[in-house]
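Q: Handing you this structure, nothing more for now.
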Amino acid sequence: MKLRANSGMQSLLLMLAASGALFAQSSGPDKSPNQATVLDARQIMAQSIAATERSWQARDHYTFTERDVDRRLDDLGRLKSENIDVTRMTLVNGARFEQLMEHNGQLPSADEQKKSNKDLEKLKRETPAEQAARLLKTQENRSFLHDLLEAFDFHLLGEELVAGRPAYILQATPHPGYHAHGRYGKLLSRVEGKLWVDKQDFAWVKVDGEVTQSFSIGLLVARVQRGSHILMEQTCVGDAVWVPKRLEMRASATILFLKSLEVERILTYSDYRPASDGSYSVSR
């Protein structure tokens, strides 16, 4: 069973990478910062949330390529299976369209191409009601951003150069008594880690951390276990717009409460290009 990154799984991974899941704990001794430091950390985080929201909105107007490597490992970490999909993310009438370009180095089959063409035609004929429902779902998937300041306590650990750019290093730990909101809100209290924030653009340059409490994906389909590790790196494509460059997850998961798996998921993104609103460009 493959947990598709181009649907709910991608949203989940991006959510975790963007949330406290990736604020790893400090490796040094725990120090209690003074009140000014706490306020500084929250101010940095507040600006980074606003910058992230702007980048996400801008990313909706870019086309790009996604390479999805899905590996299943045995108990000793040896490779059991591997699937690699290359997908071109285009825009069709302002909506994201995912076109499979390769599967394990091969062109899509006739059936896969037929399904892709069918999905394309359906998206091109999207009704106003369907468009409204799609936009609402996108807003719901991103609504957790507004809960981060409530869900976590932030601490400024210092500064560091990342890819030649100065960045703040923030640590976040779940805030006691946080009451979850929205579809993904309950996951915020189950992750922690470290976040690097670009000093100029306040973008999330890198996040790195792990799952501290297990959680389910979908309707009792899979359960990601405690200790699963997540890493995200972002890059700037100009005009303070930051986009994912690499997203990696190493997880222990249980499928349907029966089958235990070690999953390694690596998503890499490239060839970002601005696209005109309402246009589409799909290879046939």
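Chain labels run A, B, ... following the order of the structure tokens; each chain numbers its residues from 1, and ligands are numbered from 1 in the order shown.
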Residues of segment 28-231 of chain A in strand (DSSP E) according to DSSP, as a PDB file with C-alpha atoms, in the first residue's frame?

A:
ATOM      1  CA  TYR A  62       4.078  28.203  -9.548  1.00  0.00           C
ATOM      2  CA  THR A  63       4.557  25.018 -11.512  1.00  0.00           C
ATOM      3  CA  PHE A  64       7.220  22.574 -10.322  1.00  0.00           C
ATOM      4  CA  THR A  65       8.413  18.980 -10.416  1.00  0.00           C
ATOM      5  CA  GLU A  66       8.131  16.554  -7.505  1.00  0.00           C
ATOM      6  CA  ARG A  67      10.233  13.396  -7.162  1.00  0.00           C
ATOM      7  CA  ASP A  68       8.729  10.997  -4.637  1.00  0.00           C
ATOM      8  CA  VAL A  69      10.864   8.117  -3.369  1.00  0.00           C
ATOM      9  CA  ASP A  70       8.929   5.623  -1.223  1.00  0.00           C
ATOM     10  CA  ARG A  71      11.028   2.908   0.420  1.00  0.00           C
ATOM     11  CA  ARG A  72       9.903   0.067   2.689  1.00  0.00           C
ATOM     12  CA  LEU A  73      12.503  -1.415   5.024  1.00  0.00           C
ATOM     13  CA  LEU A  79      15.492  -2.287   1.637  1.00  0.00           C
ATOM     14  CA  LYS A  80      12.439  -4.442   0.838  1.00  0.00           C
ATOM     15  CA  SER A  81      10.828  -2.346  -1.893  1.00  0.00           C
ATOM     16  CA  GLU A  82      11.181   1.019  -3.599  1.00  0.00           C
ATOM     17  CA  ASN A  83       8.847   3.059  -5.786  1.00  0.00           C
ATOM     18  CA  ILE A  84       9.830   6.336  -7.460  1.00  0.00           C
ATOM     19  CA  ASP A  85       7.289   8.689  -9.016  1.00  0.00           C
ATOM     20  CA  VAL A  86       8.127  11.886 -10.878  1.00  0.00           C
ATOM     21  CA  THR A  87       5.168  14.248 -11.097  1.00  0.00           C
ATOM     22  CA  ARG A  88       4.829  17.614 -12.800  1.00  0.00           C
ATOM     23  CA  MET A  89       2.659  20.020 -10.802  1.00  0.00           C
ATOM     24  CA  THR A  90       0.906  22.378 -13.197  1.00  0.00           C
ATOM     25  CA  LEU A  91      -1.999  24.809 -13.006  1.00  0.00           C
ATOM     26  CA  VAL A  92      -5.334  24.302 -14.735  1.00  0.00           C
ATOM     27  CA  ALA A  95      -6.094  24.819  -9.720  1.00  0.00           C
ATOM     28  CA  ARG A  96      -3.210  22.450  -8.997  1.00  0.00           C
ATOM     29  CA  PHE A  97      -3.024  19.491 -11.387  1.00  0.00           C
ATOM     30  CA  GLU A  98      -0.678  16.550 -10.748  1.00  0.00           C
ATOM     31  CA  GLN A  99       0.581  14.850 -13.898  1.00  0.00           C
ATOM     32  CA  LEU A 100       2.553  11.634 -13.457  1.00  0.00           C
ATOM     33  CA  MET A 101       5.599  11.780 -15.728  1.00  0.00           C
ATOM     34  CA  GLU A 102       7.466   8.626 -14.665  1.00  0.00           C
ATOM     35  CA  HIS A 103       6.941   5.600 -12.446  1.00  0.00           C
ATOM     36  CA  PHE A 152       3.811  25.942  21.367  1.00  0.00           C
ATOM     37  CA  ASP A 153       6.180  27.678  23.738  1.00  0.00           C
ATOM     38  CA  PHE A 154       9.114  29.159  21.792  1.00  0.00           C
ATOM     39  CA  HIS A 155      12.716  29.734  22.851  1.00  0.00           C
ATOM     40  CA  LEU A 156      15.472  31.467  20.914  1.00  0.00           C
ATOM     41  CA  LEU A 157      18.577  29.248  20.958  1.00  0.00           C
ATOM     42  CA  GLY A 158      20.870  31.456  18.885  1.00  0.00           C
ATOM     43  CA  GLU A 159      21.835  32.136  15.294  1.00  0.00           C
ATOM     44  CA  GLU A 160      23.528  30.105  12.540  1.00  0.00           C
ATOM     45  CA  LEU A 161      24.446  30.351   8.872  1.00  0.00           C
ATOM     46  CA  VAL A 162      22.297  28.089   6.672  1.00  0.00           C
ATOM     47  CA  ARG A 165      22.323  33.055   5.027  1.00  0.00           C
ATOM     48  CA  PRO A 166      22.026  34.040   8.704  1.00  0.00           C
ATOM     49  CA  ALA A 167      19.117  32.390  10.471  1.00  0.00           C
ATOM     50  CA  TYR A 168      17.560  32.362  13.925  1.00  0.00           C
ATOM     51  CA  ILE A 169      17.343  28.977  15.655  1.00  0.00           C
ATOM     52  CA  LEU A 170      14.114  28.425  17.559  1.00  0.00           C
ATOM     53  CA  GLN A 171      13.101  25.608  19.850  1.00  0.00           C
ATOM     54  CA  ALA A 172       9.413  24.878  20.378  1.00  0.00           C
ATOM     55  CA  THR A 173       7.767  22.594  22.881  1.00  0.00           C
ATOM     56  CA  PRO A 174       4.023  21.855  23.083  1.00  0.00           C
ATOM     57  CA  VAL A 191       5.618  16.794  17.701  1.00  0.00           C
ATOM     58  CA  GLU A 192       8.610  18.898  18.715  1.00  0.00           C
ATOM     59  CA  GLY A 193      11.942  20.021  17.322  1.00  0.00           C
ATOM     60  CA  LYS A 194      14.099  22.837  15.952  1.00  0.00           C
ATOM     61  CA  LEU A 195      13.360  25.524  13.365  1.00  0.00           C
ATOM     62  CA  TRP A 196      15.747  27.782  11.432  1.00  0.00           C
ATOM     63  CA  VAL A 197      14.197  31.143  10.417  1.00  0.00           C
ATOM     64  CA  ASP A 198      15.882  33.317   7.786  1.00  0.00           C
ATOM     65  CA  TRP A 204      11.485  28.667   7.430  1.00  0.00           C
ATOM     66  CA  VAL A 205      14.821  27.612   5.970  1.00  0.00           C
ATOM     67  CA  LYS A 206      15.002  24.240   7.698  1.00  0.00           C
ATOM     68  CA  VAL A 207      13.043  22.218  10.222  1.00  0.00           C
ATOM     69  CA  ASP A 208      14.194  19.051  11.938  1.00  0.00           C
ATOM     70  CA  GLY A 209      12.525  16.950  14.605  1.00  0.00           C
ATOM     71  CA  GLU A 210      10.503  13.917  15.556  1.00  0.00           C
ATOM     72  CA  VAL A 211       7.081  12.616  16.506  1.00  0.00           C
ATOM     73  CA  PHE A 215      -1.040   9.376  15.494  1.00  0.00           C
ATOM     74  CA  SER A 216      -3.269   7.994  12.740  1.00  0.00           C
ATOM     75  CA  ILE A 217      -3.359   8.871   9.046  1.00  0.00           C
ATOM     76  CA  ALA A 222      -2.077   3.803   9.143  1.00  0.00           C
ATOM     77  CA  ARG A 223      -0.605   4.843  12.471  1.00  0.00           C
ATOM     78  CA  VAL A 224       2.719   6.691  12.606  1.00  0.00           C
ATOM     79  CA  HIS A 229      11.783  11.591  12.172  1.00  0.00           C
ATOM     80  CA  ILE A 230      11.015  14.427   9.784  1.00  0.00           C
ATOM     81  CA  LEU A 231      13.252  16.891   7.943  1.00  0.00           C
TER      82      LEU A 231
END

Q: Going by DSSP on the backbone, which bits of segment 11-252 of chain A are helix (DSSP H, G or I)? Write them as a PyMOL selection string, please.

A: chain A and resi 11-18+20-22+35-59+110-124+128-151+185-190

Q: Which residue gives the smallest distance to Thr52 of chain A among A:Arg265, A:Lys124, A:His146, A:Arg250, with only C-alpha atoms counted?

A: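 Looking at the shortest contact to Thr52 of chain A, the residue is A:His146.
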
Q: If you measure from atom CA of Ala251 of chain A to atom CA of Leu188 of chain A, what distance in Å do you get, rounded to one decimal?

A: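 So the answer is 17.1 Å.
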
Q: Figure out the distance between atom CA of Gln43 of chain A and atom CA of Val237 of chain A, please, to one decimal in Å.

A: 24.8 Å

Q: Using atom CA of Asn117 of chain A and atom CA of Gly94 of chain A as the two end points, give the distance in Å to one decimal.

A: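 Answer for the atom CA of Asn117 of chain A to atom CA of Gly94 of chain A separation: 17.3 Å.
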